[in-house]
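*Asks:* This is the structure I have questions about; it appears just below.
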Amino acid sequence: MTASGMTASVSRLVAAAAVSGALAVGLGAFGAHGLADAVPPERLVTWRTGATYHLAHSVSAALAGVLALHVPKAAPAGWLHLLGVALFSGSLYVLVLTDVGLLGALAPLGGLSFIAGWAWLAVAAVRAGRA
């Protein structure tokens with residue numbers, strides 16, 4: 001990939017991560033204020049878990065994008081984290097809003113995506129250190 005192609009790809013990842021981060025803040029606030037009287041307290045805990053992982057992995061996705069400018073192959077870690085946000089946090093949000101327990105089955109797939117992203121980032125960093 002050319003330098004300009006790499007920069008454009010990284011820019012897309014960082015932009016997607018930033019949008020995800022903004023959504024995490026908004027959804028976290030919605031859970032704290034808009035759902036407080038609408039769902040049982042244990043479901044609010046589930047919402048908070050989704051929002052916490054959502055925000056943390058939005059930040060890590062942005063950092064993976066920035067790191068990709070210096071560490072070859074770091075960007076896929078960010079995309080894996082954003083996939084994890086969609087699967088893990090997204091399924092928890094929908095579970096809280098609909099109480100359809102089957103959707104909770106997607107959360108472990110999101111968790112695996114988070115783990116894969118961290119593992120990918122570790123391998124990319126080690127390989128970059130050897131280069």
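Residue numbering restarts at 1 in every chain; chains get A, B, ... in the order shown in the structure tokens, and ligands count up from 1 in that same order.
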Find the nearest atom pair between each residue of segment 44-87 of chain A and segment 96-113 of chain A for residues within 10 Å, count only C-alpha atoms, give distances in Å to one decimal, sort rows by chain and ascending number, and present the table as CSV.
*Replies:*
```
residue,atom,partner,partner_atom,distance
A:Leu44,CA,A:Val96,CA,7.5
A:Val45,CA,A:Val96,CA,9.4
A:Thr46,CA,A:Val96,CA,7.0
A:Trp47,CA,A:Val96,CA,6.5
A:Gly50,CA,A:Ala107,CA,9.4
A:Tyr53,CA,A:Gly111,CA,9.5
A:Ala77,CA,A:Ser113,CA,9.1
A:Trp79,CA,A:Ser113,CA,9.3
A:Leu80,CA,A:Ser113,CA,5.5
A:His81,CA,A:Ser113,CA,6.3
A:Leu82,CA,A:Ser113,CA,8.5
A:Leu83,CA,A:Ser113,CA,6.6
A:Gly84,CA,A:Gly110,CA,3.9
A:Val85,CA,A:Gly110,CA,6.6
A:Ala86,CA,A:Gly110,CA,7.2
A:Leu87,CA,A:Gly110,CA,4.5
```
*Asks:* What is the distance, in Å and to one decimal place, between atom CA of Ala38 of chain A and atom CA of Val94 of chain A?
*Replies:*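 These atoms are spaced 14.1 Å apart.
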*Asks:* Can you list, as a ChimeraX atom specification, all residues belonging to segment 2-51 of chain A that DSSP tags as alpha helix (DSSP H)?
*Replies:* /A:3-29,41-51
*Asks:* Report, in Å to a single decimal, how far apart atom CA of Phe88 of chain A and atom CA of Phe114 of chain A are.
*Replies:*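 Result for atom CA of Phe114 of chain A versus atom CA of Phe88 of chain A: 8.8 Å, one decimal.
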